[in-house]
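Dropping entry-v4.pdb in here (PDB, C-alpha atoms and all ligand atoms):
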```pdb
MODEL        1
ATOM      1  CA  MET A  16       0.000   0.000   0.000
ATOM      2  CA  VAL A  17       1.381   3.405  -0.954
ATOM      3  CA  GLU A  18       1.870   5.824   1.961
ATOM      4  CA  PHE A  19       0.060   9.027   1.144
ATOM      5  CA  THR A  20      -0.239  12.495   2.598
ATOM      6  CA  GLU A  21      -3.583  14.146   1.931
ATOM      7  CA  GLY A  22      -3.776  16.541  -0.985
ATOM      8  CA  GLU A  23      -0.164  16.044  -2.026
ATOM      9  CA  HIS A  24       1.555  14.238  -4.800
ATOM     10  CA  ASN A  25       3.781  11.602  -3.289
ATOM     11  CA  GLN A  26       6.983  10.337  -4.829
ATOM     12  CA  GLU A  27       5.102   7.793  -6.840
ATOM     13  CA  GLY A  28       3.009  10.509  -8.449
ATOM     14  CA  TYR A  29      -0.719  11.187  -8.361
ATOM     15  CA  ASN A  30      -2.724   9.126  -5.892
ATOM     16  CA  PRO A  31      -6.486   9.040  -6.616
ATOM     17  CA  ILE A  32      -7.330   8.614  -2.936
ATOM     18  CA  GLY A  33      -6.104  12.207  -2.375
ATOM     19  CA  PRO A  34      -9.244  13.906  -3.780
ATOM     20  CA  VAL A  35     -11.493  11.439  -1.927
ATOM     21  CA  ARG A  36      -9.919  12.202   1.446
ATOM     22  CA  ARG A  37      -9.871  15.932   0.737
ATOM     23  CA  ASP A  38     -13.472  16.342  -0.453
ATOM     24  CA  PHE A  39     -15.160  13.677   1.655
ATOM     25  CA  ASP A  40     -13.078  13.846   4.774
ATOM     26  CA  ARG A  41     -13.753  12.157   8.077
ATOM     27  CA  GLU A  42     -14.210  15.491   9.835
ATOM     28  CA  ASN A  43     -17.424  15.988   7.879
ATOM     29  CA  ILE A  44     -18.626  12.421   7.448
ATOM     30  CA  TYR A  45     -18.664  10.501  10.706
ATOM     31  CA  ARG A  46     -20.691   8.506  13.210
ATOM     32  CA  GLU A  47     -21.821  10.014  16.484
ATOM     33  CA  LYS A  48     -23.581   7.887  19.068
ATOM     34  CA  GLY A  49     -24.026   5.268  16.368
ATOM     35  CA  ARG A  50     -25.703   7.682  13.935
ATOM     36  CA  ALA A  51     -24.114   8.510  10.596
ATOM     37  CA  ILE A  52     -23.773  12.225   9.896
ATOM     38  CA  ILE A  53     -22.857  14.405   6.905
ATOM     39  CA  ASP A  54     -21.690  17.572   8.629
ATOM     40  CA  ASP A  55     -21.199  19.593   5.450
ATOM     41  CA  PRO A  56     -24.078  21.814   4.285
ATOM     42  CA  ASP A  57     -22.447  22.420   0.899
ATOM     43  CA  LEU A  58     -22.150  18.718   0.145
ATOM     44  CA  GLN A  59     -25.742  18.220   1.279
ATOM     45  CA  ALA A  60     -26.877  21.054  -0.995
ATOM     46  CA  PHE A  61     -25.068  19.540  -3.990
ATOM     47  CA  LEU A  62     -26.508  16.081  -3.340
ATOM     48  CA  THR A  63     -29.997  17.548  -2.937
ATOM     49  CA  PHE A  64     -29.644  19.464  -6.212
ATOM     50  CA  LEU A  65     -28.499  16.303  -8.013
ATOM     51  CA  ARG A  66     -31.335  14.268  -6.573
ATOM     52  CA  GLY A  67     -33.868  16.901  -7.588
ATOM     53  CA  SER A  68     -32.413  17.179 -11.090
ATOM     54  CA  VAL A  69     -32.049  13.595 -12.355
ATOM     55  CA  ARG A  70     -34.834  12.069 -14.382
ATOM     56  CA  GLU A  71     -35.730   8.411 -14.479
ATOM     57  CA  GLY A  72     -33.430   6.317 -16.665
ATOM     58  CA  SER A  73     -29.719   5.855 -17.169
ATOM     59  CA  LEU A  74     -26.985   8.111 -15.807
ATOM     60  CA  LEU A  75     -23.477   8.857 -17.074
ATOM     61  CA  ASN A  76     -21.075  10.673 -14.744
ATOM     62  CA  LEU A  77     -18.506  12.502 -16.907
ATOM     63  CA  GLY A  78     -15.219  13.381 -15.221
ATOM     64  CA  ALA A  79     -16.407  11.133 -12.405
ATOM     65  CA  GLY A  80     -13.037  11.283 -10.659
ATOM     66  CA  SER A  81     -12.231   8.929  -7.805
ATOM     67  CA  THR A  82     -15.187  10.355  -5.858
ATOM     68  CA  HIS A  83     -18.009   9.018  -8.067
ATOM     69  CA  TRP A  84     -19.392   6.611  -5.420
ATOM     70  CA  TYR A  85     -19.868   9.472  -2.974
ATOM     71  CA  TYR A  86     -22.435  11.142  -5.230
ATOM     72  CA  MET A  87     -24.308   8.036  -6.394
ATOM     73  CA  PRO A  88     -26.067   7.016  -3.143
ATOM     74  CA  ALA A  89     -28.121  10.240  -3.314
ATOM     75  CA  VAL A  90     -29.567   9.363  -6.743
ATOM     76  CA  GLU A  91     -29.347   5.570  -7.001
ATOM     77  CA  ASP A  92     -33.083   4.949  -6.464
ATOM     78  CA  LYS A  93     -34.014   7.496  -9.150
ATOM     79  CA  VAL A  94     -31.960   5.966 -11.961
ATOM     80  CA  THR A  95     -31.878   2.596 -13.690
ATOM     81  CA  CYS A  96     -28.169   2.274 -14.454
ATOM     82  CA  ILE A  97     -24.986   4.131 -13.637
ATOM     83  CA  THR A  98     -21.817   4.646 -15.703
ATOM     84  CA  ALA A  99     -18.637   6.438 -14.596
ATOM     85  CA  PHE A 100     -16.253   8.000 -17.122
ATOM     86  CA  ASP A 101     -12.866   9.624 -16.513
ATOM     87  CA  LEU A 102      -9.649  10.373 -18.355
ATOM     88  CA  SER A 103      -7.488   9.203 -15.449
ATOM     89  CA  ALA A 104      -6.963   5.429 -15.381
ATOM     90  CA  LYS A 105      -5.872   5.807 -11.751
ATOM     91  CA  ASN A 106      -9.195   7.382 -10.813
ATOM     92  CA  ILE A 107     -11.031   4.557 -12.549
ATOM     93  CA  GLN A 108      -8.865   1.983 -10.750
ATOM     94  CA  ALA A 109      -9.775   3.587  -7.398
ATOM     95  CA  LEU A 110     -13.470   3.410  -8.361
ATOM     96  CA  ARG A 111     -13.032  -0.268  -9.247
ATOM     97  CA  GLU A 112     -11.592  -0.919  -5.791
ATOM     98  CA  PHE A 113     -14.498   0.813  -4.043
ATOM     99  CA  TYR A 114     -16.864  -1.168  -6.259
ATOM    100  CA  GLN A 115     -15.266  -4.465  -5.197
ATOM    101  CA  ALA A 116     -15.507  -3.367  -1.584
ATOM    102  CA  LEU A 117     -19.211  -2.483  -1.970
ATOM    103  CA  LYS A 118     -19.735  -5.872  -3.571
ATOM    104  CA  GLY A 119     -18.043  -7.497  -0.583
ATOM    105  CA  GLU A 120     -15.365  -9.093  -2.747
ATOM    106  CA  ALA A 121     -12.030  -9.890  -1.159
ATOM    107  CA  ALA A 122      -9.274  -8.146  -3.140
ATOM    108  CA  THR A 123      -5.897  -6.475  -2.778
ATOM    109  CA  PHE A 124      -6.205  -2.763  -3.331
ATOM    110  CA  GLN A 125      -3.605  -0.409  -4.732
ATOM    111  CA  TYR A 126      -5.231   2.815  -3.516
ATOM    112  CA  ALA A 127      -8.280   2.456  -1.270
ATOM    113  CA  GLU A 128      -7.716   1.496   2.346
ATOM    114  CA  GLY A 129     -10.148   0.160   4.923
ATOM    115  CA  ARG A 130     -10.767   3.635   6.369
ATOM    116  CA  ASP A 131     -11.755   4.946   2.910
ATOM    117  CA  VAL A 132     -14.283   2.162   2.452
ATOM    118  CA  GLU A 133     -15.589   2.774   6.003
ATOM    119  CA  ASN A 134     -16.014   6.463   5.204
ATOM    120  CA  LEU A 135     -18.059   5.669   2.066
ATOM    121  CA  LYS A 136     -20.205   3.270   4.091
ATOM    122  CA  THR A 137     -20.826   6.022   6.660
ATOM    123  CA  LEU A 138     -21.974   8.373   3.885
ATOM    124  CA  ILE A 139     -24.324   5.693   2.542
ATOM    125  CA  GLU A 140     -25.744   5.197   6.041
ATOM    126  CA  ALA A 141     -26.310   8.945   6.451
ATOM    127  CA  ILE A 142     -28.036   9.173   3.075
ATOM    128  CA  ALA A 143     -30.317   6.268   3.996
ATOM    129  CA  ARG A 144     -31.233   8.062   7.214
ATOM    130  CA  TYR A 145     -31.869  11.618   5.921
ATOM    131  CA  LYS A 146     -35.423  12.083   4.680
ATOM    132  CA  ARG A 147     -34.377  14.622   2.061
ATOM    133  CA  TYR A 148     -32.804  11.747   0.106
ATOM    134  CA  GLY A 149     -35.958   9.659   0.106
ATOM    135  CA  GLN A 150     -37.695   7.585   2.733
ATOM    136  CA  GLY A 151     -37.521   3.917   3.513
ATOM    137  CA  ARG A 152     -34.075   3.364   2.106
ATOM    138  CA  THR A 153     -31.592   1.175   3.945
ATOM    139  CA  PRO A 154     -27.780   1.239   3.682
ATOM    140  CA  GLU A 155     -27.835  -2.397   2.566
ATOM    141  CA  GLY A 156     -30.463  -1.657  -0.097
ATOM    142  CA  ILE A 157     -28.522   1.340  -1.417
ATOM    143  CA  THR A 158     -25.292  -0.656  -1.542
ATOM    144  CA  ARG A 159     -26.909  -3.593  -3.351
ATOM    145  CA  ALA A 160     -28.542  -1.261  -5.867
ATOM    146  CA  LEU A 161     -25.307   0.659  -6.523
ATOM    147  CA  VAL A 162     -23.568  -2.619  -7.344
ATOM    148  CA  ALA A 163     -26.412  -3.983  -9.476
ATOM    149  CA  LYS A 164     -27.054  -0.735 -11.375
ATOM    150  CA  SER A 165     -23.376  -0.220 -12.230
ATOM    151  CA  LEU A 166     -23.025  -3.483 -14.173
ATOM    152  CA  THR A 167     -22.419  -3.821 -17.914
ATOM    153  CA  PRO A 168     -24.273  -6.616 -19.760
ATOM    154  CA  ASP A 169     -21.131  -8.778 -19.524
ATOM    155  CA  GLY A 170     -21.116  -8.491 -15.757
ATOM    156  CA  LYS A 171     -18.336  -5.936 -15.231
ATOM    157  CA  ALA A 172     -18.477  -2.627 -13.376
ATOM    158  CA  ASP A 173     -19.404   0.097 -15.875
ATOM    159  CA  LEU A 174     -16.309   2.247 -15.407
ATOM    160  CA  ILE A 175     -14.808   3.800 -18.539
ATOM    161  CA  VAL A 176     -11.385   5.358 -19.074
ATOM    162  CA  GLY A 177     -11.959   7.917 -21.796
ATOM    163  CA  ASP A 178     -11.750  11.522 -22.908
ATOM    164  CA  TYR A 179     -15.009  13.444 -22.868
ATOM    165  CA  TYR A 180     -13.745  15.487 -25.812
ATOM    166  CA  ASP A 181     -13.961  12.266 -27.844
ATOM    167  CA  LEU A 182     -17.121  10.669 -26.525
ATOM    168  CA  ASP A 183     -17.905   8.764 -29.723
ATOM    169  CA  ARG A 184     -14.668   6.801 -29.462
ATOM    170  CA  SER A 185     -15.490   5.530 -25.959
ATOM    171  CA  LEU A 186     -19.268   5.359 -26.115
ATOM    172  CA  GLY A 187     -20.021   4.478 -29.747
ATOM    173  CA  ASP A 188     -23.724   5.146 -30.142
ATOM    174  CA  ARG A 189     -24.630   4.707 -26.455
ATOM    175  CA  LYS A 190     -27.113   7.281 -25.226
ATOM    176  CA  PHE A 191     -28.178   8.216 -21.692
ATOM    177  CA  ASP A 192     -31.117   9.866 -19.956
ATOM    178  CA  ASN A 193     -28.845  11.870 -17.656
ATOM    179  CA  ILE A 194     -25.287  13.082 -18.044
ATOM    180  CA  MET A 195     -23.780  14.793 -15.020
ATOM    181  CA  MET A 196     -20.551  16.720 -14.564
ATOM    182  CA  THR A 197     -19.511  17.845 -11.112
ATOM    183  CA  PHE A 198     -16.466  20.130 -10.914
ATOM    184  CA  ALA A 199     -15.301  18.487 -14.107
ATOM    185  CA  ILE A 200     -15.336  21.052 -16.927
ATOM    186  CA  PHE A 201     -11.759  21.384 -18.164
ATOM    187  CA  ALA A 202     -10.865  23.125 -21.409
ATOM    188  CA  PRO A 203      -8.324  22.285 -24.095
ATOM    189  CA  GLN A 204      -5.446  24.745 -24.543
ATOM    190  CA  GLY A 205      -6.504  27.778 -26.487
ATOM    191  CA  VAL A 206     -10.193  27.673 -25.595
ATOM    192  CA  HIS A 207     -11.146  30.589 -23.399
ATOM    193  CA  GLU A 208     -14.922  30.807 -23.709
ATOM    194  CA  LEU A 209     -17.547  28.251 -22.771
ATOM    195  CA  THR A 210     -19.273  28.883 -26.087
ATOM    196  CA  GLU A 211     -16.124  27.660 -27.907
ATOM    197  CA  LEU A 212     -16.083  24.333 -26.058
ATOM    198  CA  PRO A 213     -16.498  21.367 -28.411
ATOM    199  CA  LEU A 214     -18.088  19.497 -25.518
ATOM    200  CA  PHE A 215     -21.743  20.312 -24.977
ATOM    201  CA  LYS A 216     -22.751  19.404 -28.526
ATOM    202  CA  GLN A 217     -21.134  15.976 -28.165
ATOM    203  CA  ILE A 218     -22.879  15.504 -24.834
ATOM    204  CA  ARG A 219     -26.194  16.408 -26.435
ATOM    205  CA  ASN A 220     -25.598  13.710 -29.072
ATOM    206  CA  HIS A 221     -25.201  11.102 -26.329
ATOM    207  CA  LEU A 222     -28.431  12.060 -24.571
ATOM    208  CA  ASN A 223     -31.770  10.472 -25.356
ATOM    209  CA  PRO A 224     -34.564  12.859 -26.410
ATOM    210  CA  GLN A 225     -35.284  15.120 -23.420
ATOM    211  CA  GLY A 226     -32.263  13.652 -21.665
ATOM    212  CA  ARG A 227     -30.795  15.935 -19.049
ATOM    213  CA  LEU A 228     -27.359  17.465 -18.579
ATOM    214  CA  ILE A 229     -26.657  18.341 -14.944
ATOM    215  CA  ILE A 230     -23.707  20.556 -14.041
ATOM    216  CA  ILE A 231     -22.207  21.633 -10.734
ATOM    217  CA  ASP A 232     -19.017  23.665 -11.043
ATOM    218  CA  PHE A 233     -16.984  26.512  -9.640
ATOM    219  CA  GLN A 234     -17.580  29.838 -11.297
ATOM    220  CA  GLU A 235     -13.883  30.590 -11.450
ATOM    221  CA  PHE A 236     -10.961  28.279 -11.313
ATOM    222  CA  THR A 237      -7.472  29.742 -11.392
ATOM    223  CA  GLU A 238      -4.191  28.085 -12.377
ATOM    224  CA  GLU A 239      -3.366  28.039  -8.672
ATOM    225  CA  ASN A 240      -6.553  26.162  -7.846
ATOM    226  CA  ILE A 241      -5.737  23.589 -10.483
ATOM    227  CA  GLU A 242      -2.346  22.995  -8.852
ATOM    228  CA  THR A 243      -3.764  22.648  -5.332
ATOM    229  CA  PHE A 244      -6.591  20.451  -6.505
ATOM    230  CA  GLY A 245      -3.936  17.955  -7.555
ATOM    231  CA  GLU A 246      -5.409  16.277 -10.621
ATOM    232  CA  ASP A 247      -3.737  13.393 -12.413
ATOM    233  CA  PRO A 248      -1.020  15.016 -14.614
ATOM    234  CA  ILE A 249      -2.388  12.875 -17.484
ATOM    235  CA  VAL A 250      -5.370  15.227 -17.368
ATOM    236  CA  THR A 251      -3.759  18.581 -16.609
ATOM    237  CA  GLN A 252      -1.095  18.184 -19.297
ATOM    238  CA  LYS A 253      -3.867  17.902 -21.857
ATOM    239  CA  TYR A 254      -6.557  20.142 -20.375
ATOM    240  CA  HIS A 255      -5.177  22.927 -18.291
ATOM    241  CA  THR A 256      -7.066  26.014 -19.359
ATOM    242  CA  ASN A 257      -9.362  27.531 -16.768
ATOM    243  CA  LEU A 258     -12.689  29.034 -17.727
ATOM    244  CA  THR A 259     -15.108  31.311 -15.960
ATOM    245  CA  ILE A 260     -18.366  29.413 -15.847
ATOM    246  CA  ASP A 261     -20.665  32.332 -15.142
ATOM    247  CA  GLN A 262     -24.411  32.036 -15.461
ATOM    248  CA  ASN A 263     -24.768  33.947 -18.723
ATOM    249  CA  SER A 264     -21.991  32.329 -20.678
ATOM    250  CA  LEU A 265     -23.023  28.847 -19.541
ATOM    251  CA  ARG A 266     -26.620  29.521 -20.557
ATOM    252  CA  LYS A 267     -25.410  30.824 -23.919
ATOM    253  CA  ALA A 268     -23.081  27.850 -24.494
ATOM    254  CA  LEU A 269     -25.816  25.310 -23.675
ATOM    255  CA  LYS A 270     -28.324  27.012 -25.955
ATOM    256  CA  LYS A 271     -25.737  27.248 -28.753
ATOM    257  CA  ALA A 272     -25.213  23.483 -28.397
ATOM    258  CA  GLY A 273     -28.929  22.929 -28.938
ATOM    259  CA  PHE A 274     -30.116  22.394 -25.362
ATOM    260  CA  GLU A 275     -33.579  23.481 -24.221
ATOM    261  CA  SER A 276     -35.109  24.351 -20.840
ATOM    262  CA  VAL A 277     -31.754  25.670 -19.680
ATOM    263  CA  ARG A 278     -31.692  26.594 -15.991
ATOM    264  CA  VAL A 279     -28.616  28.112 -14.409
ATOM    265  CA  ARG A 280     -28.242  29.445 -10.893
ATOM    266  CA  LYS A 281     -25.629  30.430  -8.364
ATOM    267  CA  TYR A 282     -24.868  28.755  -5.063
ATOM    268  CA  ILE A 283     -22.704  30.508  -2.511
ATOM    269  CA  PRO A 284     -20.998  27.985  -0.248
ATOM    270  CA  GLY A 285     -21.602  29.015   3.313
ATOM    271  CA  THR A 286     -19.723  26.734   5.661
ATOM    272  CA  GLU A 287     -17.581  28.654   8.102
ATOM    273  CA  GLY A 288     -13.936  27.989   7.409
ATOM    274  CA  SER A 289     -14.616  25.928   4.321
ATOM    275  CA  LEU A 290     -12.148  26.256   1.487
ATOM    276  CA  GLU A 291     -14.867  27.706  -0.700
ATOM    277  CA  LYS A 292     -15.678  30.452   1.769
ATOM    278  CA  GLU A 293     -12.042  31.369   2.302
ATOM    279  CA  GLU A 294     -11.417  31.677  -1.402
ATOM    280  CA  GLY A 295     -14.733  33.398  -2.077
ATOM    281  CA  MET A 296     -15.744  30.684  -4.512
ATOM    282  CA  ILE A 297     -19.110  30.662  -6.190
ATOM    283  CA  VAL A 298     -20.663  27.461  -7.470
ATOM    284  CA  ILE A 299     -22.888  27.264 -10.547
ATOM    285  CA  LEU A 300     -25.754  24.745 -10.623
ATOM    286  CA  ALA A 301     -27.287  24.052 -14.035
ATOM    287  CA  THR A 302     -29.648  21.714 -15.868
ATOM    288  CA  ALA A 303     -30.429  21.571 -19.574
ATOM    289  CA  GLU A 304     -32.498  19.245 -21.728
ATOM    290  CA  ALA A 305     -31.796  17.664 -25.093
ATOM    291  CA  PRO A 306     -34.597  18.332 -27.586
ATOM    292  CA  GLN A 307     -37.515  15.922 -28.058
TER
HETATM  293  C1  LIG B 401     -12.102  18.176  -9.926
HETATM  294  S1  LIG B 401     -12.323  16.510 -10.490
HETATM  295  C2  LIG B 401     -14.009  16.222 -10.082
HETATM  296  C3  LIG B 401     -14.323  14.781  -9.820
HETATM  297  C4  LIG B 401     -15.771  14.476  -9.415
HETATM  298  N1  LIG B 401     -16.681  14.729 -10.513
HETATM  299  C5  LIG B 401     -16.168  15.272  -8.187
HETATM  300  O1  LIG B 401     -17.068  16.117  -8.277
HETATM  301  O2  LIG B 401     -15.593  15.043  -7.117
HETATM  302  C6  LIG B 401     -12.334  16.641 -12.264
HETATM  303  C7  LIG B 401     -12.335  15.309 -12.958
HETATM  304  O3  LIG B 401     -12.526  15.493 -14.372
HETATM  305  C8  LIG B 401     -11.701  14.571 -15.057
HETATM  306  N2  LIG B 401     -11.484  15.059 -16.427
HETATM  307  C9  LIG B 401     -10.921  16.245 -16.796
HETATM  308  N3  LIG B 401     -10.891  16.339 -18.131
HETATM  309  C10 LIG B 401     -11.450  15.201 -18.629
HETATM  310  C11 LIG B 401     -11.695  14.722 -19.943
HETATM  311  N4  LIG B 401     -11.343  15.427 -21.010
HETATM  312  N5  LIG B 401     -12.300  13.532 -20.071
HETATM  313  C12 LIG B 401     -12.654  12.796 -18.985
HETATM  314  N6  LIG B 401     -12.442  13.198 -17.710
HETATM  315  C13 LIG B 401     -11.833  14.392 -17.531
HETATM  316  C14 LIG B 401     -10.438  14.520 -14.206
HETATM  317  O4  LIG B 401      -9.675  13.355 -14.436
HETATM  318  C15 LIG B 401     -11.023  14.558 -12.806
HETATM  319  O5  LIG B 401     -11.277  13.270 -12.332
ENDMDL
END
```
Now that the file is in, can you turn its structure into C-alpha cells?
Ligand SMILES: C[S@@+](CC[C@H](N)C(=O)[O-])C[C@H]1O[C@@H](n2cnc3c(N)ncnc32)[C@H](O)[C@@H]1O
Amino acid sequence: MVEFTEGEHNQEGYNPIGPVRRDFDRENIYREKGRAIIDDPDLQAFLTFLRGSVREGSLLNLGAGSTHWYYMPAVEDKVTCITAFDLSAKNIQALREFYQALKGEAATFQYAEGRDVENLKTLIEAIARYKRYGQGRTPEGITRALVAKSLTPDGKADLIVGDYYDLDRSLGDRKFDNIMMTFAIFAPQGVHELTELPLFKQIRNHLNPQGRLIIIDFQEFTEENIETFGEDPIVTQKYHTNLTIDQNSLRKALKKAGFESVRVRKYIPGTEGSLEKEEGMIVILATAEAPQ
C-alpha cells in the first residue's frame, strides 16, 4: 500500500485517494452515538440538487473522478443504471476498488484502504437516514442497488477510461437519460470561452430525447486552484485552461449546443472555514435538456 499524505503528490506521483480524502473527509462524514452524519451543508446542498435534477433512466457521470461513489447514493433509487467516465486510469482503478468493496469481494487494493471504504459506508448510512434523500431506504439496499445498477451486460463494473472530448470513441452510439458533470469542466489549450467548447454538442448527441445534462461547477478556477486540486497530470497536461463558468456564458453555451429548458443558478458555499468560503468561490448549478 502506498503511503500518502492528503492533498499532495507523493513520490510515486498522483494518488487518486487524495481527492477522496480531501473532499469527503472524516471530519465531515462521521458517526456520532451510532448515527451517521454528513456535517457539510455544501455537500448536502449539492446532493440535494443532483437528486432533484435527475430524471428516471440511465446516468453517465462525466469526469467522475475517484469520488463518483460518494455522489451516487443520493440518486441511485431514481436511476436505472450508472456509468462512470474519466480520463485518469488511476481514478477509474480507485473506483473499481471501491466497487469491489461495496460488492463485498475480497481483493488487494492499490489505492483504497479500509478507512476509505468505512467512510463511504458512513456516507451511505447517512443518506439512507436523511429524509431529504428519500424515505424507507436502507444502507444495505442502497449498496446492493449501486452494485447492481453499475453493471455492464457482460457483468463488469461500468467504469470507462476515456476523454469526454472524444465521446464517440469511448461510447459508440450509447445514449443516456442523464449526463452529469460535477467540478469536471476542463478546457483544451486555447479555448477561453464556454461557447467555444467542443463538448456540450457531443454531450447532447449522447443524450436520449429530453435527456438531461446536470452541471455543478466553480464559477472561477485559477491556475493556482488547479495545482492545489492535484489532478492526475495525465489530465492537466492535456486540459489545463481555466474558464469562468458564469451564469450567462453557460446559458449561452448550452443554448448554442442545442439544449432546451436551460436553468442556471448560483450557489454561494456558506460553511464557516470551508475552502470555498475562504477563497470566495461561487458554485454554478445548471440543468439543460436535449430536444424531443
Ligand atoms: C475536480 S475533479 C471532479 C471529480 C468528481 N466529478 C467530483 O465532483 O468530485 C475533475 C475530474 O474530471 C476529469 N477530467 C478532466 N478532463 C477530462 C476529460 N477530457 N475527459 C474525462 N475526464 C476528464 C479529471 O480526471 C477529474 O477526475
Using the chain letters and numbers from the file, give me the residues hit by the PyMOL selection byres (((chain A and resi 219-226) around 7) and not hetatm), as a PyMOL selection string. chain A and resi 189-193+215-218+227-228+304-307
Selection above as a file: C-alpha atoms, as a PDB file, in the coordinates of the input:
```pdb
ATOM      1  CA  ARG A 189     -24.630   4.707 -26.455  1.00  0.00           C
ATOM      2  CA  LYS A 190     -27.113   7.281 -25.226  1.00  0.00           C
ATOM      3  CA  PHE A 191     -28.178   8.216 -21.692  1.00  0.00           C
ATOM      4  CA  ASP A 192     -31.117   9.866 -19.956  1.00  0.00           C
ATOM      5  CA  ASN A 193     -28.845  11.870 -17.656  1.00  0.00           C
ATOM      6  CA  PHE A 215     -21.743  20.312 -24.977  1.00  0.00           C
ATOM      7  CA  LYS A 216     -22.751  19.404 -28.526  1.00  0.00           C
ATOM      8  CA  GLN A 217     -21.134  15.976 -28.165  1.00  0.00           C
ATOM      9  CA  ILE A 218     -22.879  15.504 -24.834  1.00  0.00           C
ATOM     10  CA  ARG A 227     -30.795  15.935 -19.049  1.00  0.00           C
ATOM     11  CA  LEU A 228     -27.359  17.465 -18.579  1.00  0.00           C
ATOM     12  CA  GLU A 304     -32.498  19.245 -21.728  1.00  0.00           C
ATOM     13  CA  ALA A 305     -31.796  17.664 -25.093  1.00  0.00           C
ATOM     14  CA  PRO A 306     -34.597  18.332 -27.586  1.00  0.00           C
ATOM     15  CA  GLN A 307     -37.515  15.922 -28.058  1.00  0.00           C
TER      16      GLN A 307
END
```
Of the candidates A:Lys164, A:Arg130, A:Arg159, A:Arg266, which one gets nearest to A:Thr210 if we count all atoms listed in the file?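 The shortest atom-to-atom distance to A:Thr210 comes from A:Arg266.
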Which residues of chain A come within 9 Å of ligand LIG 401 (chain B), and for each one, what is the closest pair of atoms and their distance in Å to one decimal, counting only C-alpha atoms and all ligand atoms, sorted by chain and residue number, as a tab-separated table?
```
residue	atom	partner	partner_atom	distance
A:Pro31	CA	B:LIG401	O5	8.6
A:Pro34	CA	B:LIG401	O2	7.3
A:Val35	CA	B:LIG401	O2	7.5
A:Asp38	CA	B:LIG401	O2	7.1
A:Phe39	CA	B:LIG401	O2	8.9
A:Asn76	CA	B:LIG401	N1	7.3
A:Leu77	CA	B:LIG401	N6	6.2
A:Gly78	CA	B:LIG401	O3	3.5
A:Ala79	CA	B:LIG401	N1	4.1
A:Gly80	CA	B:LIG401	O5	3.1
A:Ser81	CA	B:LIG401	O5	6.3
A:Thr82	CA	B:LIG401	O2	4.9
A:His83	CA	B:LIG401	C4	6.1
A:Tyr85	CA	B:LIG401	O2	8.2
A:Tyr86	CA	B:LIG401	O1	7.9
A:Phe100	CA	B:LIG401	C12	6.3
A:Asp101	CA	B:LIG401	N6	3.8
A:Leu102	CA	B:LIG401	C12	3.9
A:Ser103	CA	B:LIG401	O4	4.8
A:Ala104	CA	B:LIG401	O4	8.4
A:Lys105	CA	B:LIG401	O4	8.9
A:Asn106	CA	B:LIG401	O5	6.4
A:Ile107	CA	B:LIG401	O5	8.7
A:Val176	CA	B:LIG401	C12	7.5
A:Gly177	CA	B:LIG401	C12	5.7
A:Asp178	CA	B:LIG401	N5	3.5
A:Tyr179	CA	B:LIG401	N5	3.9
A:Tyr180	CA	B:LIG401	N4	5.4
A:Asp181	CA	B:LIG401	N4	8.0
A:Leu182	CA	B:LIG401	N5	8.5
A:Met195	CA	B:LIG401	N1	8.4
A:Met196	CA	B:LIG401	N1	5.9
A:Thr197	CA	B:LIG401	O1	4.1
A:Phe198	CA	B:LIG401	C2	4.7
A:Ala199	CA	B:LIG401	C6	4.0
A:Ile200	CA	B:LIG401	C9	6.5
A:Phe201	CA	B:LIG401	N3	5.1
A:Ala202	CA	B:LIG401	N3	7.5
A:Pro203	CA	B:LIG401	N4	8.1
A:Ile231	CA	B:LIG401	O1	7.9
A:Asp232	CA	B:LIG401	O1	8.3
A:Ile241	CA	B:LIG401	C1	8.4
A:Phe244	CA	B:LIG401	C1	6.9
A:Gly245	CA	B:LIG401	C1	8.5
A:Glu246	CA	B:LIG401	C15	6.3
A:Asp247	CA	B:LIG401	O4	6.3
A:Pro248	CA	B:LIG401	O4	8.8
A:Ile249	CA	B:LIG401	O4	7.9
A:Val250	CA	B:LIG401	O4	5.5
A:Thr251	CA	B:LIG401	C9	7.5
A:Lys253	CA	B:LIG401	N4	7.9
A:Tyr254	CA	B:LIG401	N3	6.2
A:His255	CA	B:LIG401	N3	8.7
```
Could you expand the PyMOL selection byres (((chain A and resi 97) around 6) and not hetatm) into the explicit residues it covers here, written as a ChimeraX atom specification? /A:74,96,98,164-165
Atoms to include: C-alpha atoms. Write the selected residues as a PDB file, in the frame of the given file.
```
ATOM      1  CA  LEU A  74     -26.985   8.111 -15.807  1.00  0.00           C
ATOM      2  CA  CYS A  96     -28.169   2.274 -14.454  1.00  0.00           C
ATOM      3  CA  THR A  98     -21.817   4.646 -15.703  1.00  0.00           C
ATOM      4  CA  LYS A 164     -27.054  -0.735 -11.375  1.00  0.00           C
ATOM      5  CA  SER A 165     -23.376  -0.220 -12.230  1.00  0.00           C
TER       6      SER A 165
END
```
Identify which of the residues A:Thr256, A:Pro213, A:Glu155, A:Ala301 lies closest to A:Lys271, counting only C-alpha atoms when measuring atom-to-atom distances.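 Of the candidates, the smallest distance to A:Lys271 is held by A:Pro213.
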Within 12 Å of A:Thr63, counting all atoms listed in the file, which residues show up once you throw out same-chain ones fewer than 4 positions away? Write them as a ChimeraX atom specification, please. /A:56-59,67-69,86-90,142,145-149,231,300
Residues of the last selection are to be written out with C-alpha atoms, as an mmCIF file, in the frame of the given file.
```cif
data_model
loop_
_atom_site.group_PDB
_atom_site.id
_atom_site.type_symbol
_atom_site.label_atom_id
_atom_site.label_comp_id
_atom_site.auth_asym_id
_atom_site.auth_seq_id
_atom_site.Cartn_x
_atom_site.Cartn_y
_atom_site.Cartn_z
ATOM 1 C CA PRO A 56 -24.078 21.814 4.285
ATOM 2 C CA ASP A 57 -22.447 22.420 0.899
ATOM 3 C CA LEU A 58 -22.150 18.718 0.145
ATOM 4 C CA GLN A 59 -25.742 18.220 1.279
ATOM 5 C CA GLY A 67 -33.868 16.901 -7.588
ATOM 6 C CA SER A 68 -32.413 17.179 -11.090
ATOM 7 C CA VAL A 69 -32.049 13.595 -12.355
ATOM 8 C CA TYR A 86 -22.435 11.142 -5.230
ATOM 9 C CA MET A 87 -24.308 8.036 -6.394
ATOM 10 C CA PRO A 88 -26.067 7.016 -3.143
ATOM 11 C CA ALA A 89 -28.121 10.240 -3.314
ATOM 12 C CA VAL A 90 -29.567 9.363 -6.743
ATOM 13 C CA ILE A 142 -28.036 9.173 3.075
ATOM 14 C CA TYR A 145 -31.869 11.618 5.921
ATOM 15 C CA LYS A 146 -35.423 12.083 4.680
ATOM 16 C CA ARG A 147 -34.377 14.622 2.061
ATOM 17 C CA TYR A 148 -32.804 11.747 0.106
ATOM 18 C CA GLY A 149 -35.958 9.659 0.106
ATOM 19 C CA ILE A 231 -22.207 21.633 -10.734
ATOM 20 C CA LEU A 300 -25.754 24.745 -10.623
#
```
